[in-house]
file my_file-v3.txt (compact mmCIF, C-alpha atoms)
# COMPACT_ATOMS: atom_id res chain seq x y z
CA MET F 1201 78.82 102.91 109.36
CA ASP F 1202 78.03 106.48 110.32
CA TRP F 1203 81.35 108.33 110.41
CA SER F 1204 79.84 111.65 111.46
CA GLY F 1205 81.51 112.97 114.60
CA GLN F 1206 83.72 109.93 115.08
CA ARG F 1207 87.30 110.53 116.17
CA VAL F 1208 89.56 108.70 113.70
CA LEU F 1209 93.34 108.39 113.69
CA VAL F 1210 95.15 107.88 110.40
CA THR F 1211 98.84 107.07 110.80
CA GLY F 1212 100.83 107.94 107.69
CA GLY F 1213 98.05 110.46 107.15
CA ALA F 1214 100.01 112.79 104.86
CA GLY F 1215 101.13 109.97 102.59
CA PHE F 1216 99.54 108.69 99.41
CA LEU F 1217 96.93 106.28 100.76
CA GLY F 1218 96.61 107.99 104.12
CA ALA F 1219 95.83 111.42 102.70
CA ASN F 1220 93.21 110.08 100.31
CA LEU F 1221 91.62 108.28 103.25
CA CYS F 1222 91.70 111.48 105.32
CA HIS F 1223 89.84 113.38 102.58
CA ALA F 1224 87.18 110.66 102.39
CA LEU F 1225 86.70 110.58 106.15
CA VAL F 1226 86.37 114.37 106.39
CA GLU F 1227 83.76 114.30 103.63
CA ARG F 1228 81.82 111.79 105.75
CA GLY F 1229 81.94 114.04 108.81
CA ALA F 1230 84.66 112.34 110.84
CA LYS F 1231 87.04 114.21 113.15
CA VAL F 1232 90.38 113.14 111.72
CA ILE F 1233 93.84 113.17 113.30
CA ALA F 1234 96.53 112.64 110.67
CA LEU F 1235 99.86 111.52 112.13
CA ASP F 1236 102.92 111.62 109.90
CA GLY F 1237 106.65 111.80 110.44
CA PHE F 1238 107.42 113.13 106.94
CA LEU F 1239 110.36 110.75 106.77
CA PHE F 1240 112.95 111.35 104.07
CA GLY F 1241 112.17 109.28 100.98
CA GLY F 1242 108.62 108.54 102.09
CA GLY F 1243 105.33 109.40 100.44
CA ALA F 1244 104.26 112.23 102.74
CA ASN F 1245 103.61 115.61 101.16
CA PRO F 1246 101.94 118.53 102.98
CA ARG F 1247 100.03 119.35 99.79
CA ASN F 1248 98.33 115.96 100.03
CA LEU F 1249 96.08 117.33 102.76
CA ASP F 1250 95.14 120.59 101.00
CA GLY F 1251 91.45 121.22 101.52
CA ALA F 1252 91.01 118.57 104.22
CA ASP F 1253 89.95 119.80 107.66
CA VAL F 1254 92.19 117.48 109.67
CA GLU F 1255 94.35 117.84 112.76
CA LEU F 1256 97.85 117.20 111.43
CA VAL F 1257 100.36 115.93 113.98
CA ARG F 1258 103.95 115.83 112.80
CA GLY F 1259 105.67 113.02 114.61
CA ASP F 1260 107.67 109.86 114.02
CA ILE F 1261 105.93 106.72 115.35
CA ARG F 1262 109.35 105.44 116.40
CA ASP F 1263 109.70 108.00 119.20
CA ILE F 1264 106.65 110.26 119.60
CA ASP F 1265 104.31 109.71 122.56
CA LEU F 1266 101.48 108.00 120.73
CA ARG F 1267 98.91 108.04 123.53
CA PRO F 1268 97.62 111.60 122.91
CA VAL F 1269 96.92 110.93 119.23
CA CYS F 1270 95.21 107.63 120.06
CA GLU F 1271 93.12 109.14 122.87
CA GLY F 1272 89.42 108.55 122.29
CA ALA F 1273 89.79 107.19 118.74
CA SER F 1274 86.99 104.88 117.66
CA VAL F 1275 88.91 103.74 114.58
CA ILE F 1276 92.63 103.65 113.80
CA PHE F 1277 93.71 103.32 110.19
CA ASN F 1278 97.34 102.28 110.41
CA LEU F 1279 99.19 103.23 107.24
CA ALA F 1280 102.52 104.41 108.68
CA ALA F 1281 105.28 102.31 107.11
CA GLN F 1282 108.59 102.21 105.33
CA THR F 1283 107.65 100.84 101.91
CA SER F 1284 110.83 101.05 99.84
CA HIS F 1285 112.12 97.57 99.03
CA MET F 1286 115.61 98.74 98.14
CA GLY F 1287 115.60 100.98 101.21
CA GLY F 1288 114.83 97.97 103.36
CA GLN F 1289 117.64 96.01 101.77
CA ALA F 1290 120.10 98.85 102.33
CA ASP F 1291 119.11 99.51 105.95
CA PRO F 1292 117.12 96.62 107.42
CA LEU F 1293 117.47 97.93 110.98
CA ALA F 1294 115.69 101.18 110.08
CA ASP F 1295 113.12 99.11 108.19
CA ILE F 1296 112.38 96.98 111.25
CA ALA F 1297 112.23 100.06 113.48
CA VAL F 1298 109.32 101.50 111.50
CA ASN F 1299 107.49 98.42 110.30
CA ALA F 1300 107.79 96.20 113.38
CA VAL F 1301 109.11 97.87 116.55
CA ALA F 1302 107.04 101.04 116.08
CA GLN F 1303 103.97 98.90 115.48
CA VAL F 1304 104.40 97.46 118.97
CA ARG F 1305 104.68 101.01 120.34
CA LEU F 1306 101.41 101.91 118.64
CA ILE F 1307 99.71 98.78 119.94
CA GLN F 1308 100.76 99.59 123.50
CA ALA F 1309 99.60 103.20 123.22
CA ALA F 1310 96.25 102.13 121.79
CA ARG F 1311 95.76 99.70 124.68
CA GLU F 1312 95.95 102.63 127.09
CA ALA F 1313 94.28 105.40 125.13
CA ALA F 1314 91.87 103.68 122.72
CA PRO F 1315 91.18 100.19 124.10
CA ASP F 1316 88.03 99.67 122.04
CA ALA F 1317 89.18 101.16 118.73
CA ILE F 1318 88.79 99.20 115.52
CA VAL F 1319 92.13 98.92 113.70
CA VAL F 1320 92.57 98.53 109.95
CA HIS F 1321 96.19 97.77 109.12
CA ALA F 1322 97.71 98.42 105.70
CA SER F 1323 99.71 95.34 104.73
CA THR F 1324 101.23 94.15 101.45
CA ARG F 1325 101.25 91.29 99.00
CA GLN F 1326 105.04 91.65 98.80
CA PHE F 1327 105.79 89.06 101.44
CA TYR F 1328 104.21 86.25 99.41
CA GLY F 1329 107.32 86.49 97.23
CA ARG F 1330 107.35 84.61 93.94
CA VAL F 1331 104.31 82.38 93.52
CA ASP F 1332 103.66 79.33 91.35
CA LYS F 1333 99.90 79.75 91.05
CA LEU F 1334 97.76 82.73 90.10
CA PRO F 1335 95.59 84.34 91.32
CA VAL F 1336 96.90 84.42 94.89
CA ASP F 1337 94.55 83.86 97.81
CA GLU F 1338 95.20 84.23 101.52
CA SER F 1339 96.32 80.61 101.91
CA GLN F 1340 99.47 81.28 99.88
CA PRO F 1341 102.56 80.56 102.03
CA VAL F 1342 104.57 83.58 103.09
CA ALA F 1343 108.08 83.72 101.62
CA PRO F 1344 109.33 87.33 101.75
CA PRO F 1345 111.82 88.12 98.98
CA ASP F 1346 113.40 91.06 100.79
CA ALA F 1347 113.93 92.71 104.16
CA ASN F 1348 110.94 95.00 103.71
CA GLY F 1349 108.67 92.01 103.25
CA VAL F 1350 109.98 90.46 106.47
CA SER F 1351 109.44 93.62 108.53
CA LYS F 1352 105.99 94.26 107.09
CA PHE F 1353 104.93 90.68 107.84
CA ALA F 1354 106.16 91.05 111.42
CA GLY F 1355 104.16 94.24 111.87
CA GLU F 1356 101.01 92.62 110.53
CA GLN F 1357 101.42 89.64 112.81
CA TYR F 1358 101.82 91.83 115.90
CA TRP F 1359 98.45 93.38 115.07
CA MET F 1360 96.79 90.04 114.48
CA LEU F 1361 98.21 88.85 117.81
CA GLU F 1362 96.51 91.83 119.42
CA HIS F 1363 93.23 90.50 118.05
CA ARG F 1364 93.82 86.93 119.16
CA VAL F 1365 95.05 87.77 122.65
CA ARG F 1366 93.00 90.86 123.50
CA GLN F 1367 90.06 90.51 121.11
CA ARG F 1368 90.63 93.92 119.56
CA PRO F 1369 88.77 94.18 116.23
CA VAL F 1370 91.66 94.22 113.74
CA VAL F 1371 91.60 93.80 109.96
CA SER F 1372 94.70 93.53 107.81
CA LEU F 1373 94.47 94.35 104.11
CA ARG F 1374 97.25 93.00 101.92
CA LEU F 1375 97.40 95.56 99.12
CA THR F 1376 98.70 95.19 95.59
CA ASN F 1377 100.06 98.04 93.42
CA CYS F 1378 97.98 101.10 94.29
CA TYR F 1379 97.99 104.25 92.16
CA GLY F 1380 96.20 107.54 91.69
CA PRO F 1381 96.32 111.15 92.93
CA ARG F 1382 98.81 112.00 95.69
CA LEU F 1383 101.17 109.14 94.83
CA ARG F 1384 104.89 109.90 95.17
CA ILE F 1385 105.98 110.45 91.56
CA ARG F 1386 109.39 112.07 91.93
CA ASP F 1387 110.97 108.61 91.80
CA ALA F 1388 110.09 104.91 92.02
CA ARG F 1389 110.27 104.53 95.81
CA GLN F 1390 106.53 103.86 96.18
CA THR F 1391 105.85 102.07 92.92
CA PHE F 1392 107.23 101.89 89.41
CA LEU F 1393 104.15 103.80 88.25
CA GLY F 1394 105.34 106.88 90.09
CA ILE F 1395 108.37 107.44 87.89
CA TRP F 1396 106.41 106.44 84.79
CA ILE F 1397 103.83 109.14 85.50
CA ARG F 1398 106.53 111.75 86.08
CA CYS F 1399 108.32 110.89 82.85
CA VAL F 1400 105.10 110.94 80.83
CA LEU F 1401 104.09 114.35 82.18
CA GLU F 1402 107.59 115.77 81.61
CA GLY F 1403 107.74 114.39 78.08
CA LYS F 1404 110.63 112.05 78.87
CA PRO F 1405 110.95 108.35 78.01
CA PHE F 1406 110.37 105.84 80.82
CA GLU F 1407 111.83 102.38 81.30
CA VAL F 1408 109.97 99.08 81.46
CA TRP F 1409 111.94 96.42 83.29
CA GLY F 1410 111.09 92.97 81.98
CA GLY F 1411 107.60 93.67 80.68
CA GLU F 1412 105.79 90.35 80.84
CA GLN F 1413 105.05 90.55 84.57
CA LEU F 1414 101.35 90.77 85.39
CA ARG F 1415 99.94 93.26 87.88
CA ASP F 1416 96.40 93.97 89.10
CA LEU F 1417 96.59 97.65 89.94
CA THR F 1418 94.05 99.22 92.28
CA TYR F 1419 92.93 102.85 91.94
CA VAL F 1420 93.23 104.82 95.16
CA ASP F 1421 89.50 105.61 95.48
CA ASP F 1422 88.81 101.87 95.46
CA VAL F 1423 91.54 101.29 98.07
CA THR F 1424 89.97 103.97 100.26
CA GLU F 1425 86.58 102.31 100.03
CA ALA F 1426 88.17 98.99 100.99
CA PHE F 1427 89.59 100.54 104.17
CA LEU F 1428 86.25 102.06 105.09
CA ALA F 1429 84.40 98.82 104.38
CA ALA F 1430 86.87 96.79 106.46
CA ALA F 1431 86.30 99.02 109.47
CA ALA F 1432 82.53 99.10 109.06
CA THR F 1433 81.98 95.34 108.60
CA PRO F 1434 82.14 93.40 111.88
CA ALA F 1435 82.42 90.10 110.02
CA CYS F 1436 85.79 91.31 108.67
CA HIS F 1437 87.27 91.90 112.10
CA GLY F 1438 90.00 89.47 113.02
CA GLN F 1439 90.71 88.58 109.40
CA ILE F 1440 93.45 89.07 106.81
CA TYR F 1441 92.40 89.82 103.25
CA ASN F 1442 94.03 90.25 99.87
CA ILE F 1443 92.86 93.35 97.99
CA GLY F 1444 93.19 93.37 94.22
CA GLY F 1445 91.70 95.26 91.34
CA PHE F 1446 90.47 94.62 87.83
CA PRO F 1447 91.87 91.82 85.61
CA PRO F 1448 95.67 91.99 85.50
CA ALA F 1449 97.71 93.59 82.74
CA SER F 1450 101.32 93.05 81.77
CA LEU F 1451 103.76 95.89 82.24
CA HIS F 1452 104.06 96.10 78.44
CA ASP F 1453 100.28 96.48 78.14
CA LEU F 1454 100.33 99.14 80.83
CA ALA F 1455 103.12 101.03 79.06
CA GLU F 1456 101.16 100.93 75.80
CA LEU F 1457 98.12 102.27 77.64
CA MET F 1458 100.18 105.21 78.88
CA VAL F 1459 101.29 105.89 75.33
CA ARG F 1460 97.73 105.76 74.01
CA LEU F 1461 96.32 108.02 76.73
CA THR F 1462 98.90 110.69 75.88
CA GLY F 1463 98.05 110.62 72.17
CA GLY F 1464 101.25 108.78 71.32
CA ASN F 1465 103.48 111.39 72.94
CA ALA F 1466 104.79 109.08 75.67
CA ARG F 1467 107.81 106.92 74.88
CA TYR F 1468 109.43 104.01 76.65
CA THR F 1469 112.26 101.53 76.36
CA THR F 1470 112.38 97.95 77.57
CA ARG F 1471 115.37 96.56 79.44
CA GLU F 1472 116.26 93.65 81.65
CA PHE F 1473 115.97 94.03 85.40
CA PRO F 1474 119.04 95.47 87.10
CA ALA F 1475 120.77 92.67 88.99
CA ASP F 1476 120.01 94.04 92.46
CA ARG F 1477 116.32 94.43 91.61
CA ALA F 1478 116.02 91.08 89.88
CA ARG F 1479 116.97 89.28 93.08
CA ILE F 1480 113.94 90.65 94.93
CA ASP F 1481 111.43 90.88 92.06
CA ILE F 1482 108.27 88.86 92.71
CA GLY F 1483 107.45 88.18 89.06
CA SER F 1484 103.76 88.12 88.11
CA TYR F 1485 101.10 88.70 90.73
CA HIS F 1486 97.39 89.21 90.90
CA ALA F 1487 95.15 88.75 93.88
CA ASP F 1488 92.23 86.47 94.55
CA ASP F 1489 90.24 88.85 96.73
CA ARG F 1490 86.93 87.03 96.63
CA ALA F 1491 86.94 86.55 100.40
CA PHE F 1492 86.94 90.29 101.08
CA ARG F 1493 84.39 91.00 98.37
CA ALA F 1494 82.03 88.36 99.72
CA THR F 1495 82.33 89.49 103.34
CA SER F 1496 82.31 93.27 102.92
CA GLY F 1497 80.39 93.78 99.68
CA TRP F 1498 83.30 95.82 98.34
CA GLN F 1499 84.38 95.74 94.73
CA PRO F 1500 86.64 98.00 92.66
CA LEU F 1501 84.79 100.49 90.48
CA VAL F 1502 87.52 102.36 88.59
CA GLY F 1503 89.01 100.43 85.67
CA LEU F 1504 92.65 100.69 84.69
CA GLU F 1505 92.25 102.98 81.69
CA GLU F 1506 89.91 105.34 83.53
CA GLY F 1507 92.17 105.32 86.58
CA ILE F 1508 95.31 106.18 84.62
CA ARG F 1509 93.45 108.94 82.78
CA ARG F 1510 92.19 110.43 86.06
CA THR F 1511 95.68 110.23 87.55
CA LEU F 1512 97.39 112.02 84.67
CA ASP F 1513 94.68 114.69 84.60
CA TRP F 1514 95.04 115.29 88.35
CA TYR F 1515 98.81 115.75 88.24
CA ARG F 1516 99.06 118.02 85.21
CA PRO F 1517 98.19 121.27 87.05
CA ARG F 1518 100.00 120.14 90.23
CA LEU F 1519 103.20 118.66 88.85
CA LYS F 1520 105.56 121.16 90.50
CA ASP F 1521 104.15 120.31 93.93
CA TYR F 1522 105.12 116.66 93.55
CA LEU F 1523 108.63 116.96 92.18

call {"tool": "encode", "arguments": {"input": "my_file-v3.txt", "output": "C-alpha cells"}}
result
Amino acid sequence: MDWSGQRVLVTGGAGFLGANLCHALVERGAKVIALDGFLFGGGANPRNLDGADVELVRGDIRDIDLRPVCEGASVIFNLAAQTSHMGGQADPLADIAVNAVAQVRLIQAAREAAPDAIVVHASTRQFYGRVDKLPVDESQPVAPPDANGVSKFAGEQYWMLEHRVRQRPVVSLRLTNCYGPRLRIRDARQTFLGIWIRCVLEGKPFEVWGGEQLRDLTYVDDVTEAFLAAAATPACHGQIYNIGGFPPASLHDLAELMVRLTGGNARYTTREFPADRARIDIGSYHADDRAFRATSGWQPLVGLEEGIRRTLDWYRPRLKDYL
C-alpha cells in the first residue's frame, strides 16, 4: 500500500502503540492526524510524538466532535482505549464510556465524514480469560475475566457489526503483551513490563508475581507492521485476528533475561499474586496467529532478547521524560 499523501487518523495517537504507528506513517509519507485525550493514568505522553510531523488534536473521544478529525481519512487506526484492568474494575462505568460508548460515537462520525475509510481496531487477548489449551486461536470462546475485558469486547463487536451491516472494511487485531519504546513505564498500568523497566533503569528491585505464567511478548515495531499490513491487505478486511510474537517465555525467564542484559545489576523478588489481582489474572497465554501470518504475510522480526535490549537502550537517555 502506498501511504504517500494519504490522510490517516490515529486515535490514541500520543500513546504507546499509537505514537509508534504515527512515526511509521509519517516516514511513509502519510498525512497523519493524531487524536488523544491525554487521560489521567493513560499511556499518552507529548514526548512520544517528538520528531513526528503530525497534526495533534487534543480531545476526548467521549465528548469531542469527531467528524472534523475523521473528515477525508482513507484509513483510521483506532487505538483509543482505557486499558487498565484494575481501573476498569474500580470504575466500570468510565471503562464502558471509553471502550464501548465512545466507539459508537466514532463509528457514527466516520459514517458521515469518512464513509469509505478502512478501520484497523486495536483489540486484546484479555477477554479470552483463562484458557485450557495453548496456543490460543480465534475460535477460543470469549470469557472476560474483568470489566475491562467486557468493555473492550463490546467495542470490538460494534466495529465488526459496522462491517457486517455496512460493509466497511474493518480489521480487529487482538494483541498480546506489547513492549518497546514509548511504553508507559512510571507504573504497571499498561503492562507489568513497564514497572520492571523503570525499576531496572533506576537500579531498584522489581517484583515477579507468580512467575510460571507464559507470555508471548511482541515488540512494538512488529505490532506497528501488523497494523499497516492489516490495513493494506484486502483479504484481512472483515476479520478478527490474534497477534502474537516469538515463542513464549515464563515471567521467571523474562526476569532472568532482564538481569542478564544489565550485567547482573538488576534484582527481583518473587511473590504470590495479590488477592485482587489473582482474581482477574489470565494465567498462561500465547497466541496462535497463523491465520494473520498466512493472510497478510506478516511475521515478527524482533526477538525477545533483542527487543528488551533495544527498549532499555532507548529509555536510558530519556528516563526523566517518562517518569

call {"tool": "closest_residue", "arguments": {"input": "my_file-v3.txt", "among": "F:Leu1239, F:Val1350, F:Leu1428, F:Val1320", "to": "Leu1225 (chain F)", "atoms": "all atoms listed in the file"}}
result
F:Leu1428

call {"tool": "residues_around", "arguments": {"input": "my_file-v3.txt", "residues": "Lys1520 (chain F)", "least_positions_apart": "5", "cutoff": "12 Å", "atoms": "all atoms listed in the file", "output": "MDAnalysis selection string"}}
result
chainID F and resid 1247 1385:1386 1398 1401:1402 1515

call {"tool": "closest_residue", "arguments": {"input": "my_file-v3.txt", "among": "F:Leu1266, F:Ile1296, F:Val1257, F:Leu1512", "to": "Gly1380 (chain F)", "atoms": "only C-alpha atoms"}}
result
F:Leu1512

call {"tool": "atom_distance", "arguments": {"input": "my_file-v3.txt", "atom1": "CA of Val1301 (chain F)", "atom2": "CA of Gly1355 (chain F)"}}
result
7.7 Å

call {"tool": "residues_near_point", "arguments": {"input": "my_file-v3.txt", "point": "(78.2, 99.0, 110.8)", "cutoff": "12 Å", "atoms": "all atoms listed in the file", "output": "ChimeraX atom specification"}}
result
/F:1201-1203,1318,1428-1437,1496

call {"tool": "atom_distance", "arguments": {"input": "my_file-v3.txt", "atom1": "CA of Ser1372 (chain F)", "atom2": "CA of Asn1442 (chain F)"}}
result
8.6 Å

call {"tool": "atom_distance", "arguments": {"input": "my_file-v3.txt", "atom1": "CA of Gly1259 (chain F)", "atom2": "CA of Leu1235 (chain F)"}}
result
6.5 Å

call {"tool": "closest_atom_pairs", "arguments": {"input": "my_file-v3.txt", "of": "region 1305-1343 of chain F", "to": "region 1206-1214 of chain F", "cutoff": "12 Å", "atoms": "all atoms listed in the file", "output": "CSV"}}
result
residue,atom,partner,partner_atom,distance
F:Leu1306,CA,F:Thr1211,CA,9.7
F:Ala1310,CA,F:Leu1209,CA,10.6
F:Ala1313,CA,F:Leu1209,CA,11.9
F:Ala1314,CA,F:Leu1209,CA,10.3
F:Ala1317,CA,F:Val1208,CA,9.1
F:Ile1318,CA,F:Val1208,CA,9.7
F:Val1319,CA,F:Leu1209,CA,9.5
F:Val1320,CA,F:Val1210,CA,9.7
F:His1321,CA,F:Thr1211,CA,9.8
F:Ala1322,CA,F:Thr1211,CA,10.1

call {"tool": "closest_residue", "arguments": {"input": "my_file-v3.txt", "among": "F:Tyr1419, F:Tyr1358, F:Phe1240, F:Trp1409", "to": "Leu1383 (chain F)", "atoms": "all atoms listed in the file"}}
result
F:Tyr1419

call {"tool": "build_atoms", "arguments": {"input": "my_file-v3.txt", "residues": "region 1446-1458 of chain F", "atoms": "N, CA and C atoms", "output": "short mmCIF file (atom, residue, chain, number, x, y, z; two decimals), in the frame of the given file"}}
result
data_model
loop_
_atom_site.label_atom_id
_atom_site.label_comp_id
_atom_site.auth_asym_id
_atom_site.auth_seq_id
_atom_site.Cartn_x
_atom_site.Cartn_y
_atom_site.Cartn_z
N PHE F 1446 91.08 95.19 89.03
CA PHE F 1446 90.47 94.62 87.83
C PHE F 1446 91.40 93.55 87.26
N PRO F 1447 91.00 92.86 86.19
CA PRO F 1447 91.87 91.82 85.61
C PRO F 1447 93.27 92.35 85.36
N PRO F 1448 94.28 91.52 85.58
CA PRO F 1448 95.67 91.99 85.50
C PRO F 1448 96.09 92.36 84.09
N ALA F 1449 97.10 93.20 84.02
CA ALA F 1449 97.71 93.59 82.74
C ALA F 1449 99.21 93.41 82.86
N SER F 1450 99.86 93.12 81.76
CA SER F 1450 101.32 93.05 81.77
C SER F 1450 101.88 94.47 81.81
N LEU F 1451 103.13 94.58 82.22
CA LEU F 1451 103.76 95.89 82.24
C LEU F 1451 103.86 96.47 80.83
N HIS F 1452 104.05 95.61 79.83
CA HIS F 1452 104.06 96.10 78.44
C HIS F 1452 102.70 96.67 78.08
N ASP F 1453 101.62 95.98 78.44
CA ASP F 1453 100.28 96.48 78.14
C ASP F 1453 100.03 97.81 78.86
N LEU F 1454 100.50 97.90 80.08
CA LEU F 1454 100.33 99.14 80.83
C LEU F 1454 101.11 100.28 80.19
N ALA F 1455 102.33 100.00 79.73
CA ALA F 1455 103.12 101.03 79.06
C ALA F 1455 102.42 101.50 77.78
N GLU F 1456 101.87 100.55 77.02
CA GLU F 1456 101.16 100.93 75.80
C GLU F 1456 99.92 101.76 76.11
N LEU F 1457 99.27 101.47 77.22
CA LEU F 1457 98.12 102.27 77.64
C LEU F 1457 98.55 103.71 77.93
N MET F 1458 99.68 103.86 78.60
CA MET F 1458 100.18 105.21 78.88
C MET F 1458 100.45 105.96 77.58
#
